[in-house]
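**Student:** Take a look at coords21.txt, compact mmCIF, C-alpha atoms:
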```txt
# COMPACT_ATOMS: atom_id res chain seq x y z
CA MET A 1 107.49 104.51 123.90
CA LYS A 2 107.95 102.20 126.89
CA HIS A 3 109.20 99.35 124.72
CA THR A 4 110.32 98.78 121.16
CA PRO A 5 107.19 98.06 119.11
CA LYS A 6 107.37 94.92 117.02
CA VAL A 7 105.74 94.72 113.58
CA ALA A 8 105.14 91.70 111.36
CA ALA A 9 105.68 93.18 107.89
CA ILE A 10 104.18 91.01 105.17
CA HIS A 11 105.29 92.40 101.79
CA ASP A 12 107.30 91.41 98.76
CA ILE A 13 110.99 92.25 98.45
CA SER A 14 112.43 93.65 95.24
CA GLY A 15 116.14 93.43 94.62
CA TYR A 16 116.22 96.55 92.45
CA GLY A 17 114.07 99.62 92.93
CA ARG A 18 112.87 101.07 96.22
CA CYS A 19 109.55 99.62 97.36
CA SER A 20 107.88 97.23 99.77
CA LEU A 21 110.24 95.68 102.33
CA THR A 22 113.32 97.63 101.20
CA VAL A 23 111.35 100.75 102.13
CA ALA A 24 109.46 99.46 105.18
CA LEU A 25 112.45 97.98 107.00
CA PRO A 26 114.66 101.11 107.19
CA THR A 27 111.73 103.48 107.64
CA LEU A 28 110.23 101.64 110.59
CA ALA A 29 113.68 101.11 112.10
CA ALA A 30 114.33 104.85 111.91
CA MET A 31 111.09 105.41 113.82
CA GLY A 32 112.14 103.06 116.62
CA VAL A 33 110.18 100.01 115.48
CA GLN A 34 111.45 96.44 115.20
CA CYS A 35 110.37 95.04 111.84
CA CYS A 36 109.95 91.26 111.47
CA PRO A 37 109.72 90.63 107.71
CA MET A 38 107.69 87.87 106.10
CA PRO A 39 108.37 88.16 102.34
CA THR A 40 105.45 87.24 100.09
CA ALA A 41 107.64 87.08 96.99
CA TYR A 42 111.11 87.91 95.73
CA LEU A 43 111.34 90.00 92.57
CA SER A 44 114.60 90.81 90.85
CA ALA A 45 113.18 94.29 90.19
CA HIS A 46 109.83 95.87 90.95
CA THR A 47 107.07 95.54 88.37
CA ALA A 48 107.32 99.08 86.96
CA PHE A 49 110.55 98.11 85.21
CA PRO A 50 110.16 96.81 81.64
CA PRO A 51 109.31 93.09 81.35
CA SER A 52 112.25 90.78 80.70
CA GLU A 53 112.72 87.07 80.09
CA HIS A 54 115.31 87.19 82.86
CA ALA A 55 113.03 88.83 85.44
CA VAL A 56 112.69 86.78 88.63
CA PHE A 57 109.39 86.36 90.46
CA LEU A 58 109.66 83.83 93.25
CA ASP A 59 106.40 82.99 95.00
CA LEU A 60 107.10 82.45 98.70
CA SER A 61 103.66 81.20 99.74
CA ASP A 62 104.98 77.90 101.10
CA GLN A 63 107.63 79.75 103.11
CA MET A 64 104.98 82.13 104.48
CA ALA A 65 103.00 79.21 105.89
CA GLU A 66 106.11 77.62 107.44
CA THR A 67 107.27 80.93 108.87
CA ALA A 68 103.88 81.52 110.51
CA ALA A 69 104.00 78.02 112.03
CA HIS A 70 107.52 78.61 113.38
CA TRP A 71 106.62 82.01 114.81
CA SER A 72 103.65 80.39 116.52
CA GLU A 73 105.98 77.83 118.11
CA LEU A 74 108.12 80.74 119.32
CA HIS A 75 105.02 82.40 120.85
CA ALA A 76 105.77 85.51 118.81
CA GLN A 77 103.71 88.57 119.64
CA PHE A 78 103.33 91.73 117.58
CA ASP A 79 102.20 95.26 118.25
CA ALA A 80 101.15 95.53 114.62
CA ILE A 81 100.61 93.43 111.52
CA TYR A 82 101.35 95.36 108.32
CA SER A 83 100.64 93.97 104.86
CA GLY A 84 101.21 95.22 101.34
CA PHE A 85 101.73 93.57 97.95
CA LEU A 86 100.49 89.99 97.66
CA GLY A 87 101.61 87.68 94.91
CA SER A 88 98.59 85.37 94.67
CA ALA A 89 95.06 84.72 95.93
CA ARG A 90 96.45 81.97 98.17
CA GLN A 91 98.56 84.54 99.97
CA ALA A 92 95.44 86.49 100.90
CA ASP A 93 94.15 83.37 102.65
CA LEU A 94 97.51 82.85 104.35
CA LEU A 95 97.50 86.43 105.56
CA ALA A 96 93.93 86.14 106.89
CA ASP A 97 95.01 83.04 108.83
CA PHE A 98 98.09 84.90 110.09
CA ILE A 99 95.97 87.79 111.37
CA ALA A 100 93.59 85.40 113.12
CA ARG A 101 96.51 83.58 114.74
CA PHE A 102 98.65 86.54 115.85
CA ARG A 103 96.14 89.29 116.52
CA SER A 104 96.05 89.69 120.29
CA GLY A 105 92.62 91.08 121.12
CA GLY A 106 92.60 94.84 120.70
CA GLU A 107 96.33 95.10 121.37
CA THR A 108 97.56 94.31 117.84
CA LEU A 109 97.05 97.01 115.22
CA VAL A 110 96.32 95.57 111.78
CA LEU A 111 97.19 97.88 108.88
CA VAL A 112 96.34 96.60 105.40
CA ASP A 113 97.67 98.53 102.44
CA PRO A 114 95.38 97.07 99.75
CA VAL A 115 97.92 97.21 96.94
CA MET A 116 95.84 96.46 93.84
CA GLY A 117 96.31 99.19 91.25
CA ASP A 118 96.76 102.84 90.34
CA ASN A 119 95.70 105.36 87.73
CA GLY A 120 92.37 103.62 87.29
CA LYS A 121 93.76 100.16 86.48
CA PRO A 122 94.69 97.04 88.47
CA TYR A 123 98.32 95.93 88.51
CA ARG A 124 99.02 93.21 85.96
CA THR A 125 99.57 90.52 88.62
CA TYR A 126 96.18 91.14 90.28
CA THR A 127 93.48 88.71 89.17
CA PRO A 128 89.76 89.22 89.88
CA GLU A 129 90.00 86.47 92.52
CA LEU A 130 92.90 88.20 94.27
CA CYS A 131 91.06 91.52 94.23
CA ARG A 132 87.99 89.84 95.74
CA LYS A 133 90.07 88.28 98.49
CA MET A 134 91.80 91.60 99.13
CA ARG A 135 88.41 93.12 99.85
CA SER A 136 87.76 90.40 102.44
CA LEU A 137 91.22 90.88 103.91
CA ALA A 138 90.76 94.64 104.19
CA ALA A 139 87.56 94.02 106.14
CA CYS A 140 89.75 92.51 108.91
CA ALA A 141 91.91 95.64 109.20
CA ASP A 142 91.95 98.38 111.81
CA VAL A 143 93.42 100.79 109.25
CA ILE A 144 93.48 100.67 105.44
CA THR A 145 95.48 102.95 103.14
CA PRO A 146 94.02 102.72 99.61
CA ASN A 147 94.65 105.14 96.79
CA ILE A 148 91.70 106.35 94.70
CA THR A 149 91.95 103.41 92.28
CA GLU A 150 92.01 100.90 95.13
CA ALA A 151 89.11 102.67 96.83
CA ALA A 152 87.03 102.11 93.70
CA MET A 153 88.08 98.46 93.58
CA LEU A 154 87.30 97.90 97.26
CA LEU A 155 83.83 99.37 96.82
CA GLU A 156 83.36 97.69 93.41
CA GLN A 157 82.55 101.02 91.81
CA PRO A 158 83.80 102.54 88.53
CA TYR A 159 86.99 104.57 88.89
CA ASP A 160 85.39 107.42 86.95
CA SER A 161 82.68 107.68 89.61
CA MET A 162 85.14 108.52 92.39
CA PRO A 163 84.54 112.01 93.85
CA THR A 164 87.07 114.83 93.78
CA ASP A 165 85.36 117.41 96.00
CA ARG A 166 85.66 117.57 99.79
CA ALA A 167 82.06 116.56 100.54
CA GLY A 168 82.21 113.63 98.12
CA LEU A 169 85.54 112.46 99.55
CA GLU A 170 84.10 112.58 103.06
CA ARG A 171 81.25 110.33 101.95
CA LEU A 172 83.79 108.03 100.29
CA LEU A 173 85.76 107.77 103.54
CA VAL A 174 82.63 106.77 105.43
CA SER A 175 81.85 104.08 102.85
CA LEU A 176 85.40 102.75 103.02
CA SER A 177 85.26 102.70 106.82
CA LEU A 178 82.41 100.17 106.68
CA ASP A 179 80.25 102.64 108.57
CA GLY A 180 82.91 103.41 111.14
CA ARG A 181 84.26 99.93 111.80
CA ARG A 182 87.79 100.74 110.61
CA SER A 183 89.99 103.80 110.08
CA VAL A 184 90.79 104.89 106.53
CA VAL A 185 93.61 106.93 105.04
CA LEU A 186 92.87 107.71 101.40
CA THR A 187 95.98 108.67 99.42
CA GLY A 188 96.42 110.61 96.19
CA VAL A 189 93.74 113.15 97.10
CA SER A 190 93.78 116.60 95.49
CA LEU A 191 91.43 119.45 96.34
CA ALA A 192 93.21 122.15 94.31
CA ASP A 193 95.68 122.41 91.46
CA GLY A 194 99.26 122.11 92.66
CA SER A 195 98.53 120.23 95.87
CA ILE A 196 98.10 116.58 96.72
CA GLY A 197 97.86 114.55 99.89
CA SER A 198 95.58 112.35 101.92
CA ALA A 199 92.19 112.33 103.60
CA CYS A 200 91.62 110.28 106.72
CA LEU A 201 88.79 109.08 108.90
CA GLU A 202 89.70 108.07 112.44
CA GLN A 203 87.41 105.25 113.51
CA THR A 204 87.24 105.88 117.26
CA HIS A 205 85.89 109.43 117.07
CA GLY A 206 84.73 109.55 113.45
CA GLU A 207 87.01 112.54 112.86
CA ILE A 208 87.75 113.39 109.22
CA SER A 209 90.75 115.50 108.20
CA PHE A 210 92.63 116.44 105.03
CA HIS A 211 96.40 116.84 104.81
CA MET A 212 97.94 118.38 101.70
CA SER A 213 101.40 119.20 100.39
CA LYS A 214 102.89 120.62 97.22
CA GLU A 215 102.39 118.35 94.22
CA GLU A 216 105.72 117.49 92.64
CA THR A 217 106.18 116.44 89.03
CA GLY A 218 106.60 112.79 88.04
CA TYR A 219 105.35 109.44 89.26
CA PHE A 220 107.53 107.48 91.67
CA HIS A 221 107.02 103.80 92.38
CA GLY A 222 107.06 102.83 96.07
CA THR A 223 105.80 106.10 97.55
CA GLY A 224 102.70 104.30 98.83
CA ASP A 225 104.93 101.90 100.76
CA LEU A 226 106.90 104.81 102.16
CA PHE A 227 103.72 106.63 103.15
CA ALA A 228 102.15 103.63 104.89
CA SER A 229 105.38 102.83 106.74
CA VAL A 230 105.71 106.37 108.13
CA LEU A 231 102.02 106.35 109.01
CA LEU A 232 102.37 103.08 110.92
CA GLY A 233 105.49 104.30 112.69
CA GLY A 234 103.61 107.37 113.86
CA LEU A 235 100.66 105.33 115.11
CA LEU A 236 102.99 103.08 117.07
CA ARG A 237 104.46 106.19 118.69
CA GLY A 238 100.99 106.98 119.94
CA GLU A 239 100.17 109.70 117.42
CA ARG A 240 96.57 110.34 116.43
CA LEU A 241 95.70 109.19 112.92
CA GLY A 242 95.50 112.75 111.57
CA ASP A 243 98.93 113.65 112.97
CA ALA A 244 100.51 110.46 111.64
CA THR A 245 98.93 111.12 108.24
CA ALA A 246 100.25 114.68 108.18
CA ARG A 247 103.75 113.40 108.99
CA ALA A 248 103.59 110.80 106.22
CA VAL A 249 102.32 113.31 103.62
CA SER A 250 105.07 115.78 104.50
CA PHE A 251 107.86 113.18 104.50
CA VAL A 252 106.90 111.69 101.14
CA GLN A 253 106.72 115.15 99.53
CA THR A 254 110.12 116.06 100.99
CA CYS A 255 111.64 112.82 99.65
CA ILE A 256 110.19 113.37 96.16
CA ALA A 257 111.48 116.95 96.05
CA HIS A 258 114.92 115.75 97.18
CA THR A 259 114.96 113.05 94.50
CA LEU A 260 114.01 115.54 91.79
CA ARG A 261 116.82 117.86 92.85
CA MET A 262 119.23 114.92 92.51
CA ASP A 263 117.90 114.20 89.00
CA ALA A 264 117.84 110.52 90.00
CA PRO A 265 116.23 107.81 87.82
CA VAL A 266 112.48 107.87 88.44
CA LEU A 267 112.07 104.10 88.16
CA GLU A 268 114.42 103.54 91.09
CA GLY A 269 111.96 105.23 93.47
CA VAL A 270 112.47 108.11 95.87
CA ALA A 271 115.85 108.66 97.52
CA PHE A 272 114.53 108.62 101.07
CA GLU A 273 117.63 107.24 102.77
CA PRO A 274 119.44 110.58 103.41
CA LEU A 275 116.28 111.92 105.07
CA LEU A 276 115.59 109.07 107.49
CA GLY A 277 117.24 111.04 110.27
CA THR A 278 114.28 113.43 110.34
CA LEU A 279 112.01 110.52 111.30
CA MET A 280 114.17 109.73 114.33
CA GLN A 281 113.20 113.02 115.92
CA GLY A 282 110.16 112.69 118.24
```
Could you write out this file's structure as structure tokens?

**Tutor:**
Amino acid sequence: MKHTPKVAAIHDISGYGRCSLTVALPTLAAMGVQCCPMPTAYLSAHTAFPPSEHAVFLDLSDQMAETAAHWSELHAQFDAIYSGFLGSARQADLLADFIARFRSGGETLVLVDPVMGDNGKPYRTYTPELCRKMRSLAACADVITPNITEAAMLLEQPYDSMPTDRAGLERLLVSLSLDGRRSVVLTGVSLADGSIGSACLEQTHGEISFHMSKEETGYFHGTGDLFASVLLGGLLRGERLGDATARAVSFVQTCIAHTLRMDAPVLEGVAFEPLLGTLMQG
């Protein structure tokens, strides 16, 4: 890289539990990327933890708007805009305005992780209006990284109708790409028992590839954030989409296996920190 890439990372920040900005910041830094955070919300703990009357959810929409205005005054420029969890429908509008303001022609890569749900259901904070606006926001992206649930929501199709075979997944990728207008990395794909990974369609050449790893036991919150952050870091290094996807699949699997060996609490997310050094290598 001739210069240090600069990313505007627009995610929530959770004080307890590894996800969103607490994952994106160190991961992108390890890959040689400067991360400029714009928090969408502050949560005392991520939403997979049990509800509590003491749980904090601070909506930072007003601060997002002021931050964007200040960055504009500073003539800030970004190599990429990277978004994840949004706390309200208003934030989708703010993010769309941000992309329009800071996207510099074809020089700024826009990666939208359309965080809306998993396991066939939307997250409890996602209203129908927010899901609708997320579809519009994703249409502005150069790359999207939905899981199977989010793919169904983006296409407004039943989750049970999502394909599981290679040919069906290839058709799904084309549909998600808006007929080739954006690249797609579909996560949580499995073509055989015991393996899981991602399928991707690279927009420029229309190339489709599948990248699998060993399926580990358990469900870890925040792995989607880790995956998308490694993927983006690879793209900013100049890697092709398939190579960046393969790197992200492998790193997430390695982190999950490491966490399981530690017998660490599942709700706290994957213990990726000791493995960040592997991302610093070319």

**Student:** At a cut-off of 12 Å, using only C-alpha atoms, what residues contact region 165-172 of chain A? Leave out same-chain residues fewer than 5 positions from it and give the result as a PyMOL selection string.

**Tutor:** chain A and resi 146-148+151-152+154-155+157+177-180+184-192+198-202+206-211

**Student:** Can you tell me how far CA of Ser195 (chain A) sits from CA of Val252 (chain A), in Å to one decimal?

**Tutor:**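 That distance, rounded to one decimal, is 13.1 Å.
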
**Student:** If you count all atoms listed in the file, which residues fall within 7 Å of region 35-42 of chain A, apart from same-chain ones fewer than 6 positions away, as a ChimeraX atom specification?

**Tutor:** /A:6-14,25,28-29,57-61,64,86-87

**Student:** Rounded to one decimal, what separation in Å do you get between CA of Cys255 (chain A) and CA of Tyr123 (chain A)?

**Tutor:**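 According to the coordinates, CA of Cys255 (chain A) and CA of Tyr123 (chain A) are separated by 24.2 Å.
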
**Student:** Can you work out the spacing between CA of Gly105 (chain A) and CA of Asp225 (chain A) in Å, to one decimal?

**Tutor:** 26.1 Å

**Student:** If we count only C-alpha atoms, what is near Ser44 (chain A) at a cut-off of 6 Å, once residues fewer than 6 positions away on the same chain are taken out, given as a PyMOL selection string?

**Tutor:** chain A and resi 14-15+55-56

**Student:** Which residues are near region 48-54 of chain A? Cut-off 9 Å, all atoms listed in the file, ignore same chain within fewer than 3 positions. Put them as an mmCIF file with C-alpha atoms, keeping the file's coordinate frame.

**Tutor:**
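Output saved as selection-v8.cif:
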```cif
data_model
loop_
_atom_site.group_PDB
_atom_site.id
_atom_site.type_symbol
_atom_site.label_atom_id
_atom_site.label_comp_id
_atom_site.auth_asym_id
_atom_site.auth_seq_id
_atom_site.Cartn_x
_atom_site.Cartn_y
_atom_site.Cartn_z
ATOM 1 C CA GLY A 17 114.070 99.620 92.930
ATOM 2 C CA SER A 44 114.600 90.810 90.850
ATOM 3 C CA ALA A 45 113.180 94.290 90.190
ATOM 4 C CA HIS A 221 107.020 103.800 92.380
ATOM 5 C CA LEU A 267 112.070 104.100 88.160
ATOM 6 C CA GLU A 268 114.420 103.540 91.090
#
```

**Student:** Quick one: of A:Gln203, A:Phe220, A:Glu150, A:Tyr82, who's nearest to Val174 (chain A), counting all atoms listed in the file?

**Tutor:**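 Under the stated criterion, the closest residue is A:Gln203.
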
**Student:** Could you name the residues that touch Leu235 (chain A) at 10 Å or less, counting only C-alpha atoms, but leaving out those on the same chain fewer than 4 positions away, as a PyMOL selection string?

**Tutor:** chain A and resi 80+109+229-231+239-245

**Student:** Which is closest to Thr145 (chain A) among A:Gly269, A:Gly277, A:Pro114, A:Pro122, if we use all atoms listed in the file?

**Tutor:**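 Distance minimum relative to Thr145 (chain A) lands on A:Pro114.
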
**Student:** Please determine, counting only C-alpha atoms, which residue among A:Ile81, A:Leu74, A:Cys19, A:Val33 has the shortest atom-to-atom distance to Glu107 (chain A).

**Tutor:**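 Checking each candidate against Glu107 (chain A), we get A:Ile81 as the closest.
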
**Student:** Using only C-alpha atoms, pick whichever of A:Ala30, A:Ala96, A:Ile196, A:Cys131 has the shortest atom-to-atom distance to Gly234 (chain A).

**Tutor:** A:Ala30
